[in-house]
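Beneath this line is the structure, given in structure tokens, with notes to follow.
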Amino acid sequence: VWTFVTRLPGPTWVDHHPGYLMRGMAYFPLSGCLIGTFVCVFFDLAVYTMTLPLTIASVISEAASLWITGAFHEDGLADSADGIGGGWTRDQILKIMTDTRLGTYGCAILLLYIIAKVELIQHSGESIWALGECSGAGPAIIISHTLSRLTAPMLVKTRDYVDEAGPKYKFYSFFVEAKHLVTWHRVIFATATSFAVAVLAYGVTNALILIGGVISAVAFSGRYAEYLLGGVMGDYLGATICVTEVYLLTILTLLTQLENHKEFFLDLVAQFTQFQNGSLTYHALIDEIHSDDKKAALFRFAAVGVFTTIWCSCVGHPPVFVRESVAANEETSEIRIALANNTIGEQNENPPSTLDGTLSNE
């Protein structure tokens, strides 16, 4: 596992075999803890010894992370973004993901990922080390690297593994057969390791919140993988680790302001309760929302989210599995049926010519 997820050499007698890697997924969080410790040393050195700004220290720590891992998971993030962003059918998505070239979606998501990670780390502040009461960037780096790698054994155990093509298919194709080696007791061991590290850093309550965050990320990521790909694969696992890192850093940032957020939501719930009881009129509720910037921003976000969801449900693309069957048959009548059943209804029988041409060519 150590020679797989890092660029550091291992002993010559270690066999780099996919079966060993599957069994070793129980140690993914432990390897993440060691990587996070390596990275946070650079951050503390830059802040305390070299007295550099927090932003520069964050950049140095991220550079250390990219060096020791060889940007291994970031490569999966970029490949997944290219495939999911540029693919129309499941076969197209998988084909693009196994392409070694980097596309527009990959470049964009890497920029967003690195910027978000650097900003969240510098916002955490200087490292404060205290058993069960840690704070600052150093502990956050260790926890994000540790718990994000818990997603890999969980996804491999709970989802099918896709037989991928590409230049590394001989290695990764074995994962389809070796998937059963990731047993539940190995997943439990990985979870216990992650929880123990989180408790040592932040205490039991925050550790439970962080583990819950990881489980929610695994549930969403696994369901999305089943819908798009029919299961998980190497690049997608790496992408999930990267996204979960940012997700955990965001949770840790929110936990530092928990009291403010708690007061805000309790006040919001109280106002809506008064509105339902009739003690607060509709106009008074609207005035209250518009007078508070936080509530107004939340209201606008909810409105945009609802509108976007309704719009995509009514006029969006048909599901991936429908597009897959339509593209395979290459028949215009089936395109009309798929679009009629999933998007615009019976009143529009002629799909756009560009869509027709794209699917027919495929």
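Every chain in the structure tokens has a letter given in the order shown (A, B, ...), and although residue numbers restart at 1 in each chain, ligands are simply numbered from 1 in the order shown.
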
Exercise for the section: Tell me which protein, DNA and RNA residues are within 10 Å of range 41-51 of chain A, counting only C-alpha atoms, leaving out same-chain ones fewer than 6 positions away, and put them as a PyMOL selection string. Expected result: chain A and resi 57-65+121-122+125-127+137-138+141

Output file for the residues above (C-alpha atoms, as an mmCIF file, in the first residue's frame):
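What ended up in part_3.cif:
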data_model
loop_
_atom_site.group_PDB
_atom_site.id
_atom_site.type_symbol
_atom_site.label_atom_id
_atom_site.label_comp_id
_atom_site.auth_asym_id
_atom_site.auth_seq_id
_atom_site.Cartn_x
_atom_site.Cartn_y
_atom_site.Cartn_z
ATOM 1 C CA ALA A 57 2.808 27.874 4.095
ATOM 2 C CA SER A 58 -0.346 26.285 2.679
ATOM 3 C CA VAL A 59 1.142 26.305 -0.819
ATOM 4 C CA ILE A 60 4.337 24.689 0.494
ATOM 5 C CA SER A 61 2.366 21.988 2.303
ATOM 6 C CA GLU A 62 0.303 21.275 -0.816
ATOM 7 C CA ALA A 63 3.498 21.012 -2.872
ATOM 8 C CA ALA A 64 4.810 18.507 -0.323
ATOM 9 C CA SER A 65 1.580 16.533 -0.629
ATOM 10 C CA ILE A 121 -5.717 25.198 5.088
ATOM 11 C CA GLN A 122 -4.562 28.801 5.482
ATOM 12 C CA GLY A 125 -4.590 29.103 11.134
ATOM 13 C CA GLU A 126 -1.486 28.056 13.009
ATOM 14 C CA SER A 127 -1.270 24.502 14.310
ATOM 15 C CA ALA A 137 -3.954 23.650 9.894
ATOM 16 C CA GLY A 138 -1.573 20.877 11.000
ATOM 17 C CA ILE A 141 -4.131 18.249 7.244
#

Handout entry: DSSP-assigned helix (DSSP H, G or I) among range 118-252 of chain A, expressed as a ChimeraX atom specification
Key = /A:118-124,137-148,151-158,169-172,174-181,184-228,234-252

Could those residues be written to a file, using C-alpha atoms, as a compact mmCIF listing (two decimals), in the first residue's frame?
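Dumped everything to selection_15.txt:
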# COMPACT_ATOMS: atom_id res chain seq x y z
CA VAL A 118 -4.93 25.96 -0.04
CA GLU A 119 -7.53 28.51 1.10
CA LEU A 120 -9.10 26.14 3.63
CA ILE A 121 -5.72 25.20 5.09
CA GLN A 122 -4.56 28.80 5.48
CA HIS A 123 -7.94 29.75 6.98
CA SER A 124 -7.45 27.09 9.67
CA ALA A 137 -3.95 23.65 9.89
CA GLY A 138 -1.57 20.88 11.00
CA PRO A 139 -4.18 18.62 12.64
CA ALA A 140 -6.65 19.44 9.85
CA ILE A 141 -4.13 18.25 7.24
CA ILE A 142 -3.57 14.95 9.06
CA ILE A 143 -7.28 14.30 9.57
CA SER A 144 -8.23 15.15 5.97
CA HIS A 145 -5.54 12.84 4.58
CA THR A 146 -6.49 10.04 6.99
CA LEU A 147 -10.28 10.03 6.78
CA SER A 148 -10.50 10.76 3.05
CA THR A 151 -13.63 6.11 1.27
CA ALA A 152 -11.60 3.69 -0.88
CA PRO A 153 -12.16 0.44 1.08
CA MET A 154 -15.79 1.39 1.75
CA LEU A 155 -16.54 1.99 -1.93
CA VAL A 156 -14.72 -1.11 -3.12
CA LYS A 157 -16.60 -3.25 -0.60
CA THR A 158 -20.07 -1.82 -1.22
CA TYR A 169 -5.71 -2.51 -17.66
CA LYS A 170 -3.58 -5.60 -16.90
CA PHE A 171 -3.02 -4.31 -13.37
CA TYR A 172 -6.45 -2.84 -12.61
CA PHE A 174 -7.36 -7.93 -11.51
CA PHE A 175 -9.28 -5.75 -9.06
CA VAL A 176 -12.54 -7.10 -10.48
CA GLU A 177 -11.62 -10.60 -9.32
CA ALA A 178 -9.78 -9.54 -6.16
CA LYS A 179 -12.58 -7.31 -4.88
CA HIS A 180 -13.74 -10.01 -2.47
CA LEU A 181 -10.44 -9.61 -0.60
CA TRP A 184 -15.92 -6.34 6.18
CA HIS A 185 -13.42 -6.86 8.97
CA ARG A 186 -10.85 -4.96 6.90
CA VAL A 187 -13.33 -2.13 6.35
CA ILE A 188 -14.09 -2.08 10.08
CA PHE A 189 -10.37 -1.97 10.87
CA ALA A 190 -9.92 0.99 8.51
CA THR A 191 -12.90 2.76 10.11
CA ALA A 192 -11.59 2.11 13.62
CA THR A 193 -8.17 3.47 12.66
CA SER A 194 -9.72 6.61 11.21
CA PHE A 195 -11.93 7.12 14.24
CA ALA A 196 -9.02 6.66 16.65
CA VAL A 197 -6.91 9.29 14.85
CA ALA A 198 -9.86 11.71 14.80
CA VAL A 199 -10.52 11.18 18.54
CA LEU A 200 -6.87 11.84 19.40
CA ALA A 201 -7.03 15.08 17.46
CA TYR A 202 -10.52 16.49 18.11
CA GLY A 203 -12.29 14.38 20.72
CA VAL A 204 -15.16 11.92 20.45
CA THR A 205 -17.94 14.32 19.41
CA ASN A 206 -16.09 15.92 16.52
CA ALA A 207 -14.69 12.53 15.50
CA LEU A 208 -18.23 11.16 15.16
CA ILE A 209 -19.19 14.18 13.03
CA LEU A 210 -16.18 13.62 10.76
CA ILE A 211 -16.84 9.89 10.38
CA GLY A 212 -20.45 10.70 9.59
CA GLY A 213 -19.23 13.10 6.93
CA VAL A 214 -17.11 10.37 5.36
CA ILE A 215 -20.03 7.92 5.36
CA SER A 216 -22.26 10.50 3.67
CA ALA A 217 -19.56 11.12 1.05
CA VAL A 218 -19.26 7.38 0.41
CA ALA A 219 -23.04 7.01 0.05
CA PHE A 220 -23.33 9.88 -2.44
CA SER A 221 -20.20 8.95 -4.38
CA GLY A 222 -21.17 5.27 -4.60
CA ARG A 223 -24.66 6.02 -5.82
CA TYR A 224 -23.31 8.46 -8.42
CA ALA A 225 -20.75 5.89 -9.58
CA GLU A 226 -23.41 3.22 -10.01
CA TYR A 227 -25.52 5.61 -12.07
CA LEU A 228 -22.72 6.85 -14.33
CA GLY A 234 -9.29 3.43 -9.84
CA ASP A 235 -9.59 6.99 -11.15
CA TYR A 236 -12.98 7.45 -9.54
CA LEU A 237 -11.65 6.27 -6.16
CA GLY A 238 -8.83 8.81 -6.42
CA ALA A 239 -11.30 11.55 -7.33
CA THR A 240 -13.47 10.67 -4.34
CA ILE A 241 -10.46 10.88 -2.03
CA CYS A 242 -9.58 14.36 -3.33
CA VAL A 243 -13.13 15.68 -3.06
CA THR A 244 -13.52 14.19 0.42
CA GLU A 245 -10.32 15.93 1.54
CA VAL A 246 -11.83 19.31 0.66
CA TYR A 247 -15.14 18.24 2.17
CA LEU A 248 -13.50 17.34 5.50
CA LEU A 249 -11.48 20.56 5.58
CA THR A 250 -14.74 22.44 5.06
CA ILE A 251 -16.41 20.56 7.93
CA LEU A 252 -13.49 21.36 10.22

Fill in the blank from the handout: One decimal place gives the CA of Leu254 in chain A-CA of Arg149 in chain A separation as 21.1 Å

Practice task
Would you work out the distance separating CA of Ala297 in chain A from CA of Phe264 in chain A, expressed in Å to one decimal?
Solution key: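 So the answer is 12.7 Å.
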
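Note that CA of Val182 in chain A and CA of Gly24 in chain A are 8.3 Å apart.
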
Would you mind listing what lies within 8 Å of Ile109 in chain A as a short mmCIF file (atom, residue, chain, number, x, y, z; two decimals) with all heavy atoms, in the first residue's frame, with only C-alpha atoms counted and same-chain residues fewer than 6 positions away left out?
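Contents of the output file selection_22.cif:
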data_model
loop_
_atom_site.label_atom_id
_atom_site.label_comp_id
_atom_site.auth_asym_id
_atom_site.auth_seq_id
_atom_site.Cartn_x
_atom_site.Cartn_y
_atom_site.Cartn_z
N LEU A 77 -8.65 12.44 -10.15
CA LEU A 77 -9.63 13.52 -10.14
C LEU A 77 -9.75 14.16 -11.51
O LEU A 77 -10.86 14.40 -12.01
CB LEU A 77 -9.22 14.57 -9.10
CG LEU A 77 -10.08 15.83 -9.01
CD1 LEU A 77 -11.50 15.48 -8.56
CD2 LEU A 77 -9.45 16.85 -8.05
N ALA A 78 -8.61 14.43 -12.15
CA ALA A 78 -8.63 15.06 -13.47
C ALA A 78 -9.24 14.14 -14.52
O ALA A 78 -10.07 14.56 -15.34
CB ALA A 78 -7.22 15.46 -13.87
N ALA A 81 -13.01 13.95 -14.03
CA ALA A 81 -13.68 15.17 -14.48
C ALA A 81 -13.78 15.21 -15.99
O ALA A 81 -14.83 15.60 -16.54
CB ALA A 81 -12.92 16.39 -13.96
#

Practice task
Name the closest residue to Met25 in chain A among the candidates A:Thr256, A:Lys294, A:Leu94, A:Thr183; distances are taken between atoms, counting only C-alpha atoms.
Solution key: A:Thr183

Handout entry: Residue nearest Ile93 in chain A among A:Gly230, A:Pro18, A:Gly278, A:Pro53 (counting only C-alpha atoms)
Key =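 When distances to Ile93 in chain A are compared using only C-alpha atoms, the smallest one comes from A:Gly230.
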